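A quick write-up on the structure given underneath.
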Amino acid sequence: MSPTIVQAFEKQADHERLASATYLALSHWCECEHYSGFAEFFKKQSAEETAHAAKFYKHLLDRGITPKLGPLPAPDAHFKDLLDVAQLALELERANSFGIHAAYEISVEEKDYPSQVFLYSFIAEQVEEEAWADKMVAKVRAASCAGALTYLDRHIVKLLTEE
Ligand SMILES: [Fe+2]
Ligand SMILES: [Fe+2]
């Protein structure tokens, strides 16, 4: 693997780990605010992002590279409201897609075919990730009173994972 593609993979793995930490922080905030449905959903996202990072590391290791782990900023712990939280999730997913596309561009430039094939599933998955995040923002925005938010919290996992 060329140093540029190794660096791109390490950078994306850092992104995935940061997303995991941020989702954990979102889950904690939701739990504290008694949005237990959202808390559960974000906890699951946190585990998924850790698994994504692990896939990047495995790809590097399988090709004889010892990956470097970058330092991560601490995620925020306090948020204005649930809309703020949902918007942060959407931003996170958009940033993740951006990073994956950047890694893919480099793998094309470097003619690194295994990296390109590896990234396909991530490119496809980000479409789904951005779709649920987008839907979450819309649903939270539409829930204008406390009662509507409570209803949404009770059904959010089902709403975002089963449709
Ligand atoms: Fe991810
Ligand atoms: Fe994600």
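Residues in the structure tokens are numbered from 1 in each chain, the chains being A, B, ... in the order shown, and ligands are numbered from 1 in the order shown.
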
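For ligand 1, the set of protein, DNA and RNA residues within 6 Å, based on only C-alpha atoms and all ligand atoms, reads Glu16, Glu49 and His52 of chain A.
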
With the cut-off set at 12 Å and counting only C-alpha atoms, tabulate each residue of region 53-95 of chain A with an atom at most that distance from an atom of region 106-122 of chain A, showing the nearest atom pair and its distance in Å to one decimal, ordered by chain and increasing number, as CSV.
```
residue,atom,partner,partner_atom,distance
A:Ala53,CA,A:Phe122,CA,11.1
A:Lys55,CA,A:Phe118,CA,9.3
A:Phe56,CA,A:Phe118,CA,8.8
A:Tyr57,CA,A:Phe118,CA,11.9
A:Lys58,CA,A:Phe118,CA,10.9
A:His59,CA,A:Phe118,CA,8.1
A:Leu60,CA,A:Ser115,CA,9.5
A:Asp62,CA,A:Pro114,CA,11.1
A:Arg63,CA,A:Pro114,CA,9.8
A:Glu93,CA,A:Phe122,CA,11.6
```

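Interatomic distance, CA of Ala131 (chain A) against CA of Ala74 (chain A): 26.1 Å.
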
Report the closest atom pair, with its distance in Å rounded to one decimal, for each residue of chain A that has an atom no farther than 8 Å from ligand 2; count only C-alpha atoms and all ligand atoms, sort by chain and then rising residue number, and write it as CSV.
```
residue,atom,partner,partner_atom_place_in_ligand_line,distance
A:Glu16,CA,ligand 2,1 (Fe),7.7
A:Ala19,CA,ligand 2,1 (Fe),7.2
A:Gln45,CA,ligand 2,1 (Fe),6.5
A:Glu48,CA,ligand 2,1 (Fe),7.1
A:Glu49,CA,ligand 2,1 (Fe),5.9
A:Leu92,CA,ligand 2,1 (Fe),7.5
A:Glu93,CA,ligand 2,1 (Fe),5.4
A:Asn96,CA,ligand 2,1 (Fe),7.1
A:Gln126,CA,ligand 2,1 (Fe),6.8
A:Glu129,CA,ligand 2,1 (Fe),5.4
A:Glu130,CA,ligand 2,1 (Fe),7.8
```

Limited to N, CA and C atoms, could you put the picked residues into a file as an mmCIF file, in the first residue's frame?
```cif
data_model
loop_
_atom_site.group_PDB
_atom_site.id
_atom_site.type_symbol
_atom_site.label_atom_id
_atom_site.label_comp_id
_atom_site.auth_asym_id
_atom_site.auth_seq_id
_atom_site.Cartn_x
_atom_site.Cartn_y
_atom_site.Cartn_z
ATOM 1 N N GLU A 16 -14.032 7.361 12.255
ATOM 2 C CA GLU A 16 -15.022 6.377 12.716
ATOM 3 C C GLU A 16 -14.979 6.284 14.243
ATOM 4 N N ALA A 19 -16.610 9.337 15.604
ATOM 5 C CA ALA A 19 -18.064 9.204 15.472
ATOM 6 C C ALA A 19 -18.597 8.311 16.588
ATOM 7 N N GLN A 45 -25.448 2.946 17.385
ATOM 8 C CA GLN A 45 -24.618 3.621 16.372
ATOM 9 C C GLN A 45 -23.169 3.680 16.822
ATOM 10 N N GLU A 48 -21.561 0.478 16.164
ATOM 11 C CA GLU A 48 -21.358 0.276 14.721
ATOM 12 C C GLU A 48 -20.131 1.025 14.222
ATOM 13 N N GLU A 49 -19.950 2.256 14.721
ATOM 14 C CA GLU A 49 -18.799 3.059 14.270
ATOM 15 C C GLU A 49 -17.489 2.437 14.749
ATOM 16 N N LEU A 92 -22.271 14.453 11.486
ATOM 17 C CA LEU A 92 -21.300 13.366 11.657
ATOM 18 C C LEU A 92 -21.307 12.430 10.469
ATOM 19 N N GLU A 93 -22.515 12.039 10.052
ATOM 20 C CA GLU A 93 -22.634 11.102 8.932
ATOM 21 C C GLU A 93 -22.167 11.743 7.634
ATOM 22 N N ASN A 96 -18.475 11.705 7.692
ATOM 23 C CA ASN A 96 -17.992 10.343 7.458
ATOM 24 C C ASN A 96 -18.041 9.996 5.964
ATOM 25 N N GLN A 126 -23.028 4.496 3.646
ATOM 26 C CA GLN A 126 -23.196 5.910 4.018
ATOM 27 C C GLN A 126 -24.477 6.513 3.451
ATOM 28 N N GLU A 129 -26.900 5.624 6.023
ATOM 29 C CA GLU A 129 -26.615 6.357 7.258
ATOM 30 C C GLU A 129 -27.122 7.804 7.164
ATOM 31 N N GLU A 130 -26.848 8.428 6.034
ATOM 32 C CA GLU A 130 -27.315 9.807 5.858
ATOM 33 C C GLU A 130 -28.839 9.848 5.765
#
```

Exercise for the section: Determine the nearest neighbour of Asp153 (chain A) from the options A:Ala13, A:Ala47, A:Ala138, A:Leu82, counting only C-alpha atoms. Expected result: A:Leu82

Handout entry: Residue neighbourhood Ala39 (chain A), 10 Å, only C-alpha atoms, exclusion window fewer than 3 positions, as a list in words
Key = Tyr23, Leu24, Ala25, Leu26, Ser27, His28, Trp29, Cys30, Glu31, Cys32, Glu33, His34, Tyr35, Ser36, Phe42, Lys43, Lys44, Gln45, Asp153, Ile156 and Val157 of chain A

Handout entry: Among listed residues A:Leu69, A:Ala146, A:Ala124, A:Leu83, nearest Gln7 (chain A) (using only C-alpha atoms)
Key = A:Leu69

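Between CA of Val6 (chain A) and CA of Ala102 (chain A) the separation is 12.6 Å.
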
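Distance annotation: of A:Gly99, A:Gly147, A:Gly37, A:Pro3, the residue with the minimal separation from Leu159 (chain A) is A:Gly37; atom set is only C-alpha atoms.
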